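This is start.cif (mmCIF, C-alpha atoms and all ligand atoms).
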```
data_data
#
loop_
_atom_site.label_atom_id
_atom_site.label_comp_id
_atom_site.auth_asym_id
_atom_site.auth_seq_id
_atom_site.Cartn_x
_atom_site.Cartn_y
_atom_site.Cartn_z
CA MET A 1 -150.62 -200.34 -218.87
CA THR A 2 -150.86 -198.93 -215.37
CA GLN A 3 -148.42 -199.93 -212.68
CA ARG A 4 -150.94 -201.97 -210.72
CA GLU A 5 -151.90 -203.94 -213.82
CA SER A 6 -148.35 -204.88 -214.57
CA PHE A 7 -147.74 -207.27 -211.66
CA LEU A 8 -149.37 -210.20 -213.45
CA ASN A 9 -147.63 -209.40 -216.74
CA GLU A 10 -144.28 -209.25 -215.01
CA GLU A 11 -144.82 -212.60 -213.34
CA HIS A 12 -145.99 -214.11 -216.65
CA THR A 13 -142.94 -212.78 -218.52
CA GLU A 14 -140.63 -214.17 -215.85
CA LEU A 15 -142.31 -217.59 -215.77
CA LEU A 16 -142.44 -217.77 -219.56
CA ALA A 17 -138.67 -217.21 -219.74
CA GLU A 18 -137.97 -219.78 -217.02
CA ILE A 19 -140.27 -222.43 -218.54
CA SER A 20 -138.86 -221.80 -222.05
CA GLU A 21 -135.33 -222.23 -220.76
CA MET A 22 -136.25 -225.48 -219.01
CA SER A 23 -138.06 -226.80 -222.10
CA ALA A 24 -134.73 -226.68 -223.96
CA THR A 25 -133.24 -229.22 -221.50
CA PRO A 26 -132.50 -232.52 -223.25
CA GLY A 27 -134.50 -235.60 -222.27
CA GLU A 28 -137.81 -236.21 -220.52
CA THR A 29 -137.73 -233.08 -218.35
CA GLY A 30 -137.36 -230.85 -221.40
CA LYS A 31 -140.15 -232.68 -223.19
CA LEU A 32 -142.55 -232.32 -220.28
CA PHE A 33 -141.73 -228.63 -219.80
CA THR A 34 -142.40 -228.12 -223.53
CA GLU A 35 -145.88 -229.58 -223.00
CA LEU A 36 -146.34 -227.27 -220.01
CA LEU A 37 -145.09 -224.30 -222.06
CA ASN A 38 -147.67 -224.96 -224.79
CA ILE A 39 -150.49 -224.76 -222.25
CA PHE A 40 -149.02 -221.81 -220.35
CA SER A 41 -148.32 -219.54 -223.33
CA ALA A 42 -151.91 -219.58 -224.65
CA HIS A 43 -153.30 -219.51 -221.10
CA LEU A 44 -151.51 -216.30 -220.12
CA ASP A 45 -152.74 -214.43 -223.21
CA ARG A 46 -156.30 -215.18 -222.14
CA GLU A 47 -155.57 -214.06 -218.59
CA GLU A 48 -154.03 -210.80 -219.71
CA GLU A 49 -157.00 -210.01 -221.95
CA THR A 50 -159.61 -210.67 -219.26
CA VAL A 51 -158.16 -210.65 -215.73
CA LEU A 52 -156.13 -207.45 -216.06
CA PRO A 53 -158.86 -205.10 -217.35
CA LEU A 54 -161.44 -206.55 -214.93
CA LEU A 55 -159.19 -206.14 -211.90
CA GLY A 56 -158.34 -202.62 -213.11
CA TYR A 57 -162.05 -201.83 -213.13
CA LEU A 58 -162.49 -203.22 -209.61
CA ARG A 59 -159.60 -201.11 -208.34
CA ASP A 60 -160.77 -197.90 -210.09
CA SER A 61 -164.29 -198.32 -208.72
CA VAL A 62 -162.96 -197.99 -205.16
CA GLU A 63 -162.26 -194.32 -205.87
CA SER A 64 -164.85 -193.17 -208.37
CA LEU A 65 -167.78 -194.08 -210.57
CA VAL A 66 -166.51 -196.14 -213.44
CA GLU A 67 -168.23 -196.65 -216.74
CA VAL A 68 -168.35 -200.05 -218.41
CA SER A 69 -166.81 -199.84 -221.88
CA ASP A 70 -167.70 -202.31 -224.63
CA SER A 71 -164.29 -203.91 -224.37
CA LEU A 72 -164.64 -204.32 -220.60
CA PHE A 73 -168.07 -205.89 -221.05
CA LYS A 74 -166.52 -208.32 -223.54
CA ALA A 75 -163.71 -209.13 -221.07
CA GLY A 76 -166.37 -209.90 -218.43
CA LYS A 77 -168.28 -212.21 -220.78
CA ASP A 78 -165.09 -213.89 -221.97
CA PHE A 79 -163.85 -214.50 -218.42
CA ARG A 80 -167.14 -216.11 -217.39
CA THR A 81 -167.04 -218.32 -220.50
CA GLU A 82 -163.39 -219.28 -220.19
CA TYR A 83 -163.07 -219.60 -216.42
CA GLU A 84 -163.57 -223.35 -216.41
CA THR A 85 -161.08 -223.91 -219.25
CA MET A 86 -158.53 -221.74 -217.48
CA GLU A 87 -158.93 -223.73 -214.25
CA ASN A 88 -158.61 -226.95 -216.27
CA GLU A 89 -155.37 -225.61 -217.71
CA HIS A 90 -154.10 -224.97 -214.18
CA ASN A 91 -154.88 -228.60 -213.36
CA ALA A 92 -153.25 -229.85 -216.57
CA MET A 93 -150.09 -227.92 -215.71
CA ASP A 94 -150.11 -229.40 -212.21
CA ASN A 95 -150.48 -232.92 -213.60
CA ILE A 96 -147.43 -232.40 -215.82
CA MET A 97 -145.46 -231.15 -212.82
CA LYS A 98 -146.50 -234.23 -210.83
CA THR A 99 -145.00 -236.35 -213.62
CA ILE A 100 -141.77 -234.35 -213.63
CA GLU A 101 -141.21 -234.42 -209.85
CA PRO A 102 -140.45 -238.14 -209.29
CA ASN A 103 -138.06 -238.20 -212.26
CA ASP A 104 -136.15 -234.98 -211.81
CA ALA A 105 -135.77 -233.47 -208.37
CA SER A 106 -132.86 -231.19 -209.22
CA GLY A 107 -132.81 -227.86 -207.40
CA LYS A 108 -133.53 -225.80 -210.52
CA VAL A 109 -136.52 -227.93 -211.53
CA MET A 110 -137.98 -227.94 -208.02
CA GLU A 111 -137.57 -224.17 -207.73
CA LEU A 112 -139.42 -223.59 -211.02
CA ILE A 113 -142.20 -225.98 -210.04
CA ARG A 114 -142.57 -224.15 -206.72
CA HIS A 115 -142.76 -220.81 -208.58
CA ILE A 116 -145.42 -222.06 -211.03
CA ARG A 117 -147.49 -223.63 -208.22
CA HIS A 118 -147.38 -220.40 -206.20
CA HIS A 119 -148.54 -218.39 -209.22
CA VAL A 120 -151.38 -220.79 -209.99
CA MET A 121 -152.53 -220.98 -206.35
CA LEU A 122 -152.64 -217.20 -206.07
CA GLU A 123 -154.75 -217.02 -209.21
CA SER A 124 -157.12 -219.83 -208.32
CA GLU A 125 -157.63 -218.74 -204.70
CA ILE A 126 -157.61 -214.95 -204.94
CA ILE A 127 -157.21 -213.46 -208.40
CA TYR A 128 -159.83 -215.52 -210.24
CA PRO A 129 -162.53 -215.07 -207.56
CA ALA A 130 -161.88 -211.29 -207.58
CA THR A 131 -161.98 -211.28 -211.37
CA MET A 132 -165.26 -213.23 -211.38
CA THR A 133 -166.74 -210.69 -208.97
CA ALA A 134 -165.65 -207.89 -211.30
CA ALA A 135 -167.06 -209.75 -214.31
CA ASN A 136 -170.43 -210.14 -212.59
CA ILE A 137 -170.52 -206.45 -211.65
CA VAL A 138 -169.52 -205.33 -215.14
CA ILE A 139 -172.20 -207.47 -216.77
CA SER A 140 -174.93 -206.41 -214.31
CA ARG A 141 -173.99 -202.72 -214.73
CA THR A 142 -174.25 -202.70 -218.48
CA GLY A 143 -177.37 -200.93 -219.63
CA ALA A 144 -179.00 -198.27 -217.41
CA LYS A 145 -176.20 -195.94 -216.36
CA GLY A 146 -173.49 -198.53 -216.70
CA LYS A 147 -171.50 -197.04 -213.85
CA TRP A 148 -170.65 -198.50 -210.50
CA ARG A 149 -168.75 -197.41 -207.46
CA SER A 150 -167.61 -199.76 -204.72
CA GLY A 151 -169.92 -199.39 -201.70
CA THR A 152 -172.98 -198.56 -203.79
CA GLU A 153 -175.76 -201.00 -204.49
CA LEU A 154 -175.83 -202.87 -207.74
FE FE B 1 -151.13 -216.59 -214.80
FE FE B 2 -153.23 -219.02 -214.70
#
```
Translate the structure described by the file into structure tokens.
Ligand SMILES: [Fe+2]
Ligand SMILES: [Fe+2]
Amino acid sequence: MTQRESFLNEEHTELLAEISEMSATPGETGKLFTELLNIFSAHLDREEETVLPLLGYLRDSVESLVEVSDSLFKAGKDFRTEYETMENEHNAMDNIMKTIEPNDASGKVMELIRHIRHHVMLESEIIYPATMTAANIVISRTGAKGKWRSGTEL
């Protein structure tokens, strides 16, 4: 994994640890964070398999012609197919957090909710649109030469 691809993994690892810890809390808060954890753990695997290689391609194409490998093409197809589900999972996580908030406003809980919301907003507003752009380029570039450089016509 290159350094620039690791930022999302690092954030996922950190959030996974924080959510897991909170899910072990006794009572309703722990139960709700367990529900959130179930969604988040499968969700991040999908993101790491699609978002990371596609954003890597976008970044590499700024500097040179980049070829579309079979696995990258598959990541592009998978992201387009799973985008809606992944956004629905973001919403499902937010709904769980909205249930937690009125019942448990302790500092630790609020801080974790803020962290998760920031992560999700960054993905929905910036990372997913960039990934979708990369997916569209990757799919349109497959066949012919299969290479693309940023600034050249598709
Ligand atoms: Fe994520
Ligand atoms: Fe996400």
Mind working out the centre and edge lengths of an axis-aligned box for range 81-84 of chain A, all listed atoms inside, 6 Å added to each side, rounded to one decimal in Å and written as AutoDock Vina command-line options?
```
--center_x -165.1 --center_y -220.8 --center_z -218.5 --size_x 16.0 --size_y 17.0 --size_z 16.1
```
Just give me the gap between CA of Leu36 in chain A and CA of Ile19 in chain A in Å, one decimal is fine.
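These atoms are spaced 7.9 Å apart.
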Which polymer residues have any atom within 10 Å of an atom of Leu65 in chain A, counting all atoms listed in the file, with same-chain residues fewer than 3 positions away left out, as a PyMOL selection string?
chain A and resi 57+60-62+68+146-150+152
Written selection (C-alpha atoms) as a PDB file, keeping the file's coordinate frame:
```
ATOM      1  CA  TYR A  57    -162.050-201.830-213.130  1.00  0.00           C
ATOM      2  CA  ASP A  60    -160.770-197.900-210.090  1.00  0.00           C
ATOM      3  CA  SER A  61    -164.290-198.320-208.720  1.00  0.00           C
ATOM      4  CA  VAL A  62    -162.960-197.990-205.160  1.00  0.00           C
ATOM      5  CA  VAL A  68    -168.350-200.050-218.410  1.00  0.00           C
ATOM      6  CA  GLY A 146    -173.490-198.530-216.700  1.00  0.00           C
ATOM      7  CA  LYS A 147    -171.500-197.040-213.850  1.00  0.00           C
ATOM      8  CA  TRP A 148    -170.650-198.500-210.500  1.00  0.00           C
ATOM      9  CA  ARG A 149    -168.750-197.410-207.460  1.00  0.00           C
ATOM     10  CA  SER A 150    -167.610-199.760-204.720  1.00  0.00           C
ATOM     11  CA  THR A 152    -172.980-198.560-203.790  1.00  0.00           C
TER      12      THR A 152
END
```
For ligand FE 2 (chain B), collect every residue having any atom at a distance of at most 8 Å from a ligand atom (counting only C-alpha atoms and all ligand atoms); output as a PDB file with C-alpha atoms, in the frame of the given file.
```pdb
ATOM      1  CA  PHE A  40    -149.020-221.810-220.350  1.00  0.00           C
ATOM      2  CA  HIS A  43    -153.300-219.510-221.100  1.00  0.00           C
ATOM      3  CA  LEU A  44    -151.510-216.300-220.120  1.00  0.00           C
ATOM      4  CA  GLU A  47    -155.570-214.060-218.590  1.00  0.00           C
ATOM      5  CA  MET A  86    -158.530-221.740-217.480  1.00  0.00           C
ATOM      6  CA  GLU A  87    -158.930-223.730-214.250  1.00  0.00           C
ATOM      7  CA  GLU A  89    -155.370-225.610-217.710  1.00  0.00           C
ATOM      8  CA  HIS A  90    -154.100-224.970-214.180  1.00  0.00           C
ATOM      9  CA  HIS A 119    -148.540-218.390-209.220  1.00  0.00           C
ATOM     10  CA  VAL A 120    -151.380-220.790-209.990  1.00  0.00           C
ATOM     11  CA  GLU A 123    -154.750-217.020-209.210  1.00  0.00           C
ATOM     12  CA  SER A 124    -157.120-219.830-208.320  1.00  0.00           C
TER      13      SER A 124
END
```
Among the residues A:Arg46, A:Met132, A:Met22, A:Gly107, the one that comes closest to ligand FE 1 (chain B) [using all atoms listed in the file]:
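Under the stated criterion, the closest residue is A:Arg46.
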Just give me the gap between CA of Lys74 in chain A and CA of Gly151 in chain A in Å, one decimal is fine.
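Between CA of Lys74 in chain A and CA of Gly151 in chain A the gap works out to 23.8 Å.
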Could you check how far CA of Asp45 in chain A sits from CA of Gly30 in chain A, in Å to one decimal?
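Between these atoms lies a distance of 22.6 Å.
Nearest to ligand FE 1 (chain B) of all the residues A:Ser64, A:Thr13, A:Asn95, A:Ser140 is A:Thr13, counting all atoms listed in the file.
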Would you please work out which residue, of A:Asn38, A:Thr133, A:Thr85, A:Pro53, is nearest to Asp70 in chain A when using all atoms listed in the file?
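Between A:Asn38, A:Thr133, A:Thr85, A:Pro53, the residue approaching Asp70 in chain A most closely is A:Pro53.
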Extract, using only C-alpha atoms, all DNA, RNA and protein residues at most 9 Å from Leu72 in chain A, discarding same-chain residues fewer than 5 positions from it, and format them as a list in words.
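Counting only the stated atoms, we get Thr50, Pro53, Leu54, Tyr57, Lys77, Ala135 and Val138 of chain A.
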Nearest to Leu55 in chain A among A:Glu14, A:Ala105, A:Glu82, A:Thr131, with distances taken over all atoms listed in the file: which residue is it?
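The closest residue to Leu55 in chain A is A:Thr131.
Considering the residues A:Phe33, A:Phe73, A:Phe79, A:Tyr128 and counting only C-alpha atoms, Asp94 in chain A has its shortest atom-to-atom contact with A:Phe33.
Between Glu35 in chain A and the candidates A:Ile100, A:Phe7, A:Val51, A:Gly76, the tightest atom-to-atom separation, counting only C-alpha atoms, involves A:Ile100.
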